[in-house]
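Undergrad: One file is attached below, data_34.txt, containing compact mmCIF, C-alpha atoms.
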```
# COMPACT_ATOMS: atom_id res chain seq x y z
CA MET A 1 -84.02 119.50 83.97
CA SER A 2 -86.10 121.63 86.33
CA LYS A 3 -85.84 121.17 90.10
CA ASP A 4 -89.31 119.71 90.11
CA GLU A 5 -88.51 117.15 87.40
CA GLU A 6 -85.26 116.25 89.12
CA ASN A 7 -87.07 115.71 92.42
CA LYS A 8 -89.67 113.48 90.80
CA LEU A 9 -86.95 111.48 89.06
CA VAL A 10 -84.98 110.97 92.27
CA TYR A 11 -88.07 110.07 94.24
CA GLY A 12 -89.26 107.57 91.67
CA MET A 13 -85.83 105.99 91.46
CA LEU A 14 -85.52 105.70 95.24
CA HIS A 15 -88.95 104.19 95.54
CA SER A 16 -88.16 101.56 92.89
CA LEU A 17 -84.74 100.82 94.36
CA LYS A 18 -86.14 100.45 97.86
CA SER A 19 -88.73 98.03 96.62
CA PHE A 20 -86.17 96.12 94.54
CA VAL A 21 -83.68 95.81 97.41
CA GLY A 22 -86.39 94.65 99.77
CA ARG A 23 -87.57 91.94 97.41
CA ILE A 24 -84.23 90.61 96.30
CA SER A 25 -82.49 90.64 99.65
CA PRO A 26 -82.23 87.53 101.85
CA ASP A 27 -82.96 89.74 104.88
CA THR A 28 -86.33 91.46 104.74
CA SER A 29 -85.17 94.31 106.93
CA ASP A 30 -82.41 95.21 104.47
CA ALA A 31 -82.63 98.74 103.19
CA PHE A 32 -81.15 100.65 100.29
CA GLN A 33 -78.41 103.05 101.41
CA SER A 34 -76.44 104.31 98.43
CA TYR A 35 -75.24 103.83 94.89
CA GLN A 36 -72.04 105.10 93.30
CA THR A 37 -70.57 105.74 89.88
CA ASN A 38 -67.01 106.64 88.88
CA ASN A 39 -67.70 110.23 89.77
CA TYR A 40 -70.12 110.46 92.65
CA ARG A 41 -72.09 108.65 95.31
CA LEU A 42 -75.75 109.13 96.07
CA THR A 43 -76.49 108.40 99.73
CA MET A 44 -79.93 108.08 101.26
CA TYR A 45 -80.78 108.15 104.94
CA GLU A 46 -84.35 107.17 105.79
CA THR A 47 -85.89 107.67 109.22
CA PRO A 48 -88.34 105.19 110.74
CA SER A 49 -90.96 107.89 110.23
CA GLY A 50 -90.39 107.73 106.48
CA VAL A 51 -88.47 110.97 105.99
CA LYS A 52 -85.77 110.50 103.38
CA PHE A 53 -82.58 112.55 103.16
CA VAL A 54 -80.65 112.26 99.91
CA MET A 55 -77.20 113.68 99.25
CA ASN A 56 -74.81 113.43 96.31
CA THR A 57 -71.15 113.59 97.27
CA SER A 58 -67.75 112.96 95.77
CA LEU A 59 -66.32 109.52 96.35
CA GLU A 60 -63.73 110.71 98.89
CA LEU A 61 -66.28 110.95 101.66
CA PRO A 62 -66.85 107.50 103.24
CA LEU A 63 -70.40 106.15 103.20
CA GLN A 64 -70.84 106.01 106.98
CA ALA A 65 -69.58 109.56 107.35
CA THR A 66 -72.15 110.68 104.80
CA ARG A 67 -74.94 108.84 106.63
CA ASP A 68 -73.80 110.45 109.89
CA ILE A 69 -73.99 113.86 108.26
CA LEU A 70 -77.48 113.13 107.03
CA HIS A 71 -78.56 112.03 110.51
CA SER A 72 -77.11 115.25 111.95
CA LEU A 73 -78.96 117.17 109.29
CA TYR A 74 -82.17 115.46 110.39
CA LYS A 75 -81.51 116.30 114.02
CA GLU A 76 -80.03 119.80 113.78
CA VAL A 77 -81.78 121.32 110.77
CA TYR A 78 -84.91 119.37 109.77
CA VAL A 79 -86.27 118.81 113.29
CA GLU A 80 -85.26 122.21 114.62
CA TYR A 81 -86.35 124.41 111.70
CA ALA A 82 -88.95 122.44 109.79
CA VAL A 83 -90.66 120.03 112.18
CA LYS A 84 -90.78 122.46 115.08
CA ASN A 85 -92.19 125.22 112.88
CA HIS A 86 -95.93 124.56 113.09
CA MET A 87 -96.65 127.18 110.43
CA LEU A 88 -94.70 125.10 107.95
CA SER A 89 -96.40 122.31 106.03
CA LEU A 90 -94.33 119.15 105.74
CA GLN A 91 -96.51 117.76 102.97
CA THR A 92 -95.44 120.35 100.40
CA PRO A 93 -91.97 121.57 99.41
CA ILE A 94 -90.48 123.37 102.38
CA ASN A 95 -90.92 127.08 101.86
CA SER A 96 -88.88 128.73 104.56
CA ASP A 97 -85.94 131.08 104.23
CA LEU A 98 -84.82 130.24 107.74
CA PHE A 99 -84.72 126.55 106.87
CA LYS A 100 -82.79 127.23 103.66
CA ASP A 101 -80.28 129.43 105.48
CA LYS A 102 -79.75 126.93 108.27
CA LEU A 103 -79.38 124.11 105.77
CA GLU A 104 -76.74 125.99 103.82
CA ALA A 105 -74.87 126.95 106.98
CA PHE A 106 -74.93 123.33 108.08
CA ILE A 107 -73.56 122.04 104.78
CA HIS A 108 -70.86 124.68 104.70
CA SER A 109 -69.77 123.84 108.23
CA LYS A 110 -69.54 120.16 107.28
CA MET A 111 -67.54 120.99 104.17
CA ARG A 112 -64.99 122.83 106.23
CA GLU A 113 -64.31 119.73 108.37
CA THR B 114 -116.52 129.34 138.12
CA GLN B 115 -119.86 128.41 136.60
CA SER B 116 -122.30 126.46 138.66
CA SER B 117 -122.61 122.91 137.44
CA GLY B 118 -125.53 122.28 135.08
CA SER B 119 -127.30 118.98 134.62
CA SER B 120 -124.99 116.00 134.26
CA GLY B 121 -126.12 115.57 130.64
CA ILE B 122 -124.69 118.92 129.59
CA ASN B 123 -121.49 118.29 131.52
CA ALA B 124 -120.97 114.92 129.89
CA GLU B 125 -121.36 116.42 126.43
CA TYR B 126 -119.06 119.29 127.30
CA GLY B 127 -116.53 116.89 128.77
CA GLU B 128 -116.62 114.76 125.61
CA GLU B 129 -116.00 117.82 123.44
CA VAL B 130 -113.04 118.87 125.54
CA ASN B 131 -111.63 115.35 125.57
CA LYS B 132 -111.88 115.24 121.77
CA GLN B 133 -110.17 118.62 121.39
CA LEU B 134 -107.38 117.54 123.71
CA GLU B 135 -106.91 114.35 121.69
CA THR B 136 -106.77 116.34 118.44
CA MET B 137 -104.24 118.77 119.90
CA GLY B 138 -102.19 115.80 121.01
CA TYR B 139 -102.43 114.21 117.56
CA ASN B 140 -101.09 117.38 115.92
CA ILE B 141 -98.20 117.39 118.36
CA GLY B 142 -97.54 113.66 117.96
CA VAL B 143 -97.16 113.67 114.16
CA ARG B 144 -94.22 116.03 114.59
CA LEU B 145 -92.91 114.91 117.96
CA ILE B 146 -92.01 111.56 116.45
CA ASP B 147 -89.25 113.16 114.38
CA ASP B 148 -87.87 115.00 117.40
CA PHE B 149 -87.84 111.67 119.23
CA LEU B 150 -86.25 109.68 116.38
CA ALA B 151 -83.62 112.33 115.69
CA HIS B 152 -82.50 112.10 119.32
CA SER B 153 -82.71 108.30 119.47
CA PRO B 154 -80.64 107.11 116.52
CA SER B 155 -80.59 103.53 117.78
CA VAL B 156 -84.37 103.21 117.48
CA THR B 157 -85.63 101.44 114.34
CA ARG B 158 -89.14 100.49 113.28
CA CYS B 159 -90.48 98.09 115.88
CA SER B 160 -91.56 94.67 114.69
CA THR B 161 -93.80 93.75 117.63
CA LEU B 162 -96.27 95.60 119.82
CA GLU B 163 -94.17 94.60 122.83
CA GLU B 164 -91.24 96.48 121.33
CA VAL B 165 -93.47 99.49 120.74
CA ALA B 166 -94.62 99.46 124.36
CA GLU B 167 -91.04 99.25 125.60
CA VAL B 168 -89.70 102.07 123.41
CA LEU B 169 -92.77 104.19 124.15
CA CYS B 170 -92.30 103.95 127.90
CA LYS B 171 -88.57 103.69 128.43
CA GLN B 172 -87.54 106.19 125.77
CA GLY B 173 -90.50 108.21 124.54
CA PHE B 174 -92.16 109.10 127.83
CA LYS B 175 -88.75 109.41 129.47
CA MET B 176 -87.56 111.93 126.92
CA PHE B 177 -90.57 114.22 126.93
CA LEU B 178 -92.21 113.81 130.33
CA GLY B 179 -89.32 112.47 132.39
CA ILE B 180 -91.30 109.45 133.54
CA VAL B 181 -91.34 105.75 132.66
CA PRO B 182 -94.89 104.31 132.78
CA GLU B 183 -95.39 100.65 133.57
CA VAL B 184 -96.63 98.34 130.85
CA ARG B 185 -99.38 96.05 132.15
CA ASN B 186 -102.53 94.08 131.38
CA TRP B 187 -101.65 92.61 128.02
CA SER B 188 -104.62 91.09 126.24
CA SER B 189 -104.32 87.39 125.43
CA ALA B 190 -104.04 88.23 121.74
CA LYS B 191 -101.17 90.59 122.61
CA ASP B 192 -102.87 93.38 120.67
CA GLU B 193 -103.77 95.56 123.63
CA PHE B 194 -101.93 96.80 126.68
CA SER B 195 -102.08 99.43 129.40
CA LEU B 196 -99.67 102.11 130.45
CA VAL B 197 -99.85 102.88 134.14
CA ILE B 198 -98.52 106.26 135.20
CA THR B 199 -97.64 106.76 138.85
CA GLU B 200 -96.48 110.37 138.75
CA ASN B 201 -98.16 112.40 136.01
CA PRO B 202 -96.23 115.67 135.57
CA LEU B 203 -99.20 117.23 133.77
CA ALA B 204 -101.40 116.68 136.80
CA GLU B 205 -99.05 118.04 139.41
CA TYR B 206 -100.85 120.69 141.54
CA VAL B 207 -104.05 120.01 139.58
CA GLU B 208 -107.44 119.51 141.18
CA LEU B 209 -110.49 118.88 139.03
CA PRO B 210 -113.55 121.03 139.75
CA PRO B 211 -116.65 118.99 140.68
CA HIS B 212 -118.36 119.41 137.30
CA CYS B 213 -115.37 117.81 135.57
CA GLN B 214 -114.88 114.90 137.93
CA ASP B 215 -116.95 112.46 135.89
CA CYS B 216 -116.37 113.55 132.33
CA LEU B 217 -112.96 115.11 131.75
CA TRP B 218 -109.76 113.21 130.96
CA TYR B 219 -107.42 116.02 131.95
CA SER B 220 -104.31 114.54 130.32
CA ASN B 221 -106.07 113.31 127.19
CA ILE B 222 -103.55 115.20 125.12
CA ILE B 223 -101.14 112.33 125.83
CA CYS B 224 -103.44 109.88 124.03
CA GLY B 225 -103.41 112.07 120.95
CA VAL B 226 -99.64 112.36 121.01
CA ILE B 227 -99.28 108.58 121.13
CA ARG B 228 -101.78 108.06 118.31
CA GLY B 229 -100.16 110.73 116.09
CA ALA B 230 -96.61 109.60 116.71
CA LEU B 231 -97.40 105.94 116.03
CA GLU B 232 -99.31 106.84 112.88
CA MET B 233 -96.11 108.34 111.47
CA VAL B 234 -94.40 104.99 111.90
CA GLN B 235 -97.28 103.36 110.04
CA MET B 236 -99.13 102.00 113.05
CA ASP B 237 -102.82 102.67 113.61
CA VAL B 238 -103.77 102.47 117.29
CA LYS B 239 -106.65 103.41 119.51
CA CYS B 240 -105.53 105.13 122.68
CA SER B 241 -107.67 106.25 125.60
CA PHE B 242 -107.73 106.78 129.33
CA VAL B 243 -109.43 104.16 131.47
CA GLY B 244 -108.63 105.72 134.81
CA ASP B 245 -107.15 108.85 136.31
CA THR B 246 -106.18 109.53 139.93
CA LEU B 247 -107.39 113.09 139.30
CA ARG B 248 -110.87 111.64 139.02
CA GLY B 249 -110.46 109.56 142.14
CA ASN B 250 -109.68 106.32 140.31
CA ASP B 251 -107.13 103.91 141.77
CA SER B 252 -104.63 104.52 139.02
CA THR B 253 -103.86 106.67 136.02
CA GLU B 254 -104.08 104.21 133.17
CA ILE B 255 -104.02 104.55 129.38
CA ARG B 256 -105.25 101.67 127.23
CA ILE B 257 -103.59 101.22 123.84
CA LYS B 258 -105.09 98.93 121.23
CA PHE B 259 -103.36 97.97 118.00
CA VAL B 260 -105.68 98.36 115.01
CA LYS B 261 -103.57 97.82 111.90
CA ILE B 262 -100.36 98.53 110.06
CA LEU B 263 -100.72 101.44 107.64
CA GLU B 264 -99.30 100.94 104.18
CA ASP B 265 -96.49 103.32 103.28
CA SER B 266 -98.38 105.82 101.21
CA LEU B 267 -97.11 107.51 98.10
CA PRO B 268 -97.49 111.23 97.57
CA ALA B 269 -100.24 112.27 95.20
CA GLY B 270 -99.36 111.86 91.57
CA GLU B 271 -97.28 108.71 91.95
CA ASP B 272 -98.46 105.15 91.51
```
Turn this file's structure into C-alpha cells for me.
TA:
Amino acid sequence: MSKDEENKLVYGMLHSLKSFVGRISPDTSDAFQSYQTNNYRLTMYETPSGVKFVMNTSLELPLQATRDILHSLYKEVYVEYAVKNHMLSLQTPINSDLFKDKLEAFIHSKMRE
Amino acid sequence: TQSSGSSGINAEYGEEVNKQLETMGYNIGVRLIDDFLAHSPSVTRCSTLEEVAEVLCKQGFKMFLGIVPEVRNWSSAKDEFSLVITENPLAEYVELPPHCQDCLWYSNIICGVIRGALEMVQMDVKCSFVGDTLRGNDSTEIRIKFVKILEDSLPAGED
C-alpha cells in the first residue's frame, strides 16, 4: 500500500470511528482515543482546532503516556516547525526537511526514555 | 508626512488600511490558535460564548499580549459582547497623526487574529473596534458578535 493510500485509509477510518463513537456514546462530548489488537495500539490525539495526531505503538506503552507524547509532539514539533513556518502550507502534506528531521529526532528521544 | 487631503480620501484610505490589518491578523490567527492550544492543554472546545469570552481574555490575551481585557456589554441574546482593553501594548508610545484620527483602527490586527483563531475552532464571528483611546474615545473596545458554528469540513475528495 502506498503512503497516500495508507493515509486515506487511516483518515477515512478515523472519521467513521469518530462519528460512530459520538453517536453511540451516552455522553455527546465523548471522543475516540484509541483501538488495539493483539499486536499494536493505534492512538489518536485530536486538538480543539481539529488537528489529528495518530501513532501506532506496541502494547507496552500505556495509553495516557502515548497521548502525552502526541501532545508534546503537537507542542514541540508541529507548532514550532510547521505552524510557525509561514512558508509552509498546512492544507497539503507537509513538505519540509526541517520538520521531518525534528520529528524523527523527537521520536528517537522518546524511544530512548 | 503628507498633508491631509479631503476627508473623503482619508476615510477610504483608512478603510483600506483597516481591512489590510484585519487580513494580516486573520492570517496570524489561523496559526496562533495552535500555538495557544499547544500551550494550554486544559482548554477544550468551548460550549458557550461566555466560555469563549473567558478563555479569550484570561488565557489568550494573557499569553500573547500580557493583558486581560474585561468582558462587558453582553447583548440580551447573549450572542454579542465587548472586550474592553485598559492598557493596549500595541498602542504604547503611539500617537495618531491628525489625518488618521477619524478613520484608522490602529490595532485592528487584533480583530483579525480573534476572527482567524475562532474560525479554526469552528466558530464564525464578526469582530471590530467600536472605540479606541488613540482616537480620543473613552475606551478601547472591541465588539465580538457570534455568527454561526462552522461544520467540521472534510478535505477535498472525501464525502
Undergrad: Record the distance separating atom CA of A:Met111 and atom CA of A:Pro48, expressed in Å with one decimal.
TA: 26.9 Å
Undergrad: Which polymer residues, whether protein, DNA or RNA, lie within 10 Å of the coordinate (-103.5, 110.7, 119.1) when you count only C-alpha atoms? List them as an MDAnalysis selection string, using the chain letters and numbers from the file.
TA: chainID B and resid 132 134:143 221:232 237:241
Undergrad: With 7 Å as the limit and counting only C-alpha atoms, what residues in chain B lie close to chain A? Please list them as a PDB file with C-alpha atoms, in the coordinates of the input.
TA:
```
ATOM      1  CA  ARG B 144     -94.220 116.030 114.590  1.00  0.00           C
ATOM      2  CA  ASP B 147     -89.250 113.160 114.380  1.00  0.00           C
ATOM      3  CA  ASP B 148     -87.870 115.000 117.400  1.00  0.00           C
ATOM      4  CA  ALA B 151     -83.620 112.330 115.690  1.00  0.00           C
ATOM      5  CA  HIS B 152     -82.500 112.100 119.320  1.00  0.00           C
ATOM      6  CA  THR B 157     -85.630 101.440 114.340  1.00  0.00           C
ATOM      7  CA  ARG B 158     -89.140 100.490 113.280  1.00  0.00           C
ATOM      8  CA  MET B 233     -96.110 108.340 111.470  1.00  0.00           C
ATOM      9  CA  VAL B 234     -94.400 104.990 111.900  1.00  0.00           C
TER      10      VAL B 234
END
```
Undergrad: Give me, please, the distance in Å between atom CA of A:Tyr40 and atom CA of A:Ser96, quoted to one decimal.
TA: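 We find that atom CA of A:Tyr40 and atom CA of A:Ser96 lie 28.8 Å from each other.
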Undergrad: For A:Met55, which residue out of A:Thr28, A:Ser109, A:Ser89, A:Gln33 is the nearest one, using only C-alpha atoms?
TA: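 Under the stated criterion, the closest residue is A:Gln33.
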Undergrad: Quick one: distance from atom CA of B:Leu217 to atom CA of B:Leu162 in Å, one decimal?
TA: 28.3 Å
Undergrad: Under the rule that all atoms listed in the file are counted, which of B:Gln235, B:Ser220, B:Gln133, B:Ser160 is the nearest residue to B:Ile198?
TA: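 For B:Ile198, the nearest of the given residues is B:Ser220.
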Undergrad: Env of A:Leu14: 12 Å cut, atoms = all atoms listed in the file, seq-sep filter 3 positions within chain, self excluded. Answer as a PDB file with C-alpha atoms, in the coordinates of the input.
TA:
```
ATOM      1  CA  ASN A   7     -87.070 115.710  92.420  1.00  0.00           C
ATOM      2  CA  LYS A   8     -89.670 113.480  90.800  1.00  0.00           C
ATOM      3  CA  LEU A   9     -86.950 111.480  89.060  1.00  0.00           C
ATOM      4  CA  VAL A  10     -84.980 110.970  92.270  1.00  0.00           C
ATOM      5  CA  TYR A  11     -88.070 110.070  94.240  1.00  0.00           C
ATOM      6  CA  LEU A  17     -84.740 100.820  94.360  1.00  0.00           C
ATOM      7  CA  LYS A  18     -86.140 100.450  97.860  1.00  0.00           C
ATOM      8  CA  SER A  19     -88.730  98.030  96.620  1.00  0.00           C
ATOM      9  CA  PHE A  20     -86.170  96.120  94.540  1.00  0.00           C
ATOM     10  CA  VAL A  21     -83.680  95.810  97.410  1.00  0.00           C
ATOM     11  CA  GLY A  22     -86.390  94.650  99.770  1.00  0.00           C
ATOM     12  CA  ALA A  31     -82.630  98.740 103.190  1.00  0.00           C
ATOM     13  CA  PHE A  32     -81.150 100.650 100.290  1.00  0.00           C
ATOM     14  CA  GLN A  33     -78.410 103.050 101.410  1.00  0.00           C
ATOM     15  CA  SER A  34     -76.440 104.310  98.430  1.00  0.00           C
ATOM     16  CA  TYR A  35     -75.240 103.830  94.890  1.00  0.00           C
ATOM     17  CA  LEU A  42     -75.750 109.130  96.070  1.00  0.00           C
ATOM     18  CA  THR A  43     -76.490 108.400  99.730  1.00  0.00           C
ATOM     19  CA  MET A  44     -79.930 108.080 101.260  1.00  0.00           C
ATOM     20  CA  TYR A  45     -80.780 108.150 104.940  1.00  0.00           C
ATOM     21  CA  GLU A  46     -84.350 107.170 105.790  1.00  0.00           C
ATOM     22  CA  LYS A  52     -85.770 110.500 103.380  1.00  0.00           C
ATOM     23  CA  PHE A  53     -82.580 112.550 103.160  1.00  0.00           C
ATOM     24  CA  VAL A  54     -80.650 112.260  99.910  1.00  0.00           C
TER      25      VAL A  54
END
```
Undergrad: Within 12 Å of B:Ala204, counting all atoms listed in the file, which residues qualify if same-chain residues fewer than 2 places away don't, as an MDAnalysis selection string?
TA: chainID B and resid 178 198:202 206:209 218:223 245:248 253
Undergrad: Could you pull the residues within 6 Å of B:Phe242, counting all atoms listed in the file, minus those fewer than 2 positions along the same chain, as a PDB file with C-alpha atoms, in the coordinates of the input?
TA:
```
ATOM      1  CA  GLY B 244    -108.630 105.720 134.810  1.00  0.00           C
ATOM      2  CA  GLU B 254    -104.080 104.210 133.170  1.00  0.00           C
ATOM      3  CA  ILE B 255    -104.020 104.550 129.380  1.00  0.00           C
TER       4      ILE B 255
END
```
Undergrad: Write out as a list in words each polymer residue whose atoms come within 12 Å of B:Trp187, counting only C-alpha atoms; drop sequence neighbours fewer than 3 positions from it.
TA: Leu162, Glu163, Ala166, Glu183, Val184, Ala190, Lys191, Asp192, Glu193, Phe194, Ser195, Leu196, Arg256, Ile257, Lys258 and Phe259 of chain B
Undergrad: Nearest to A:Asn39 among A:Pro26, A:Lys110, A:Thr57, A:Leu88, with distances taken over only C-alpha atoms: which residue is it?
TA: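 When distances to A:Asn39 are compared using only C-alpha atoms, the smallest one comes from A:Thr57.
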Undergrad: If we count all atoms listed in the file, what is near B:Leu169 at a cut-off of 9 Å, once residues fewer than 5 positions away on the same chain are taken out, given as an MDAnalysis selection string?
TA: chainID B and resid 164 174:175 181:182 227
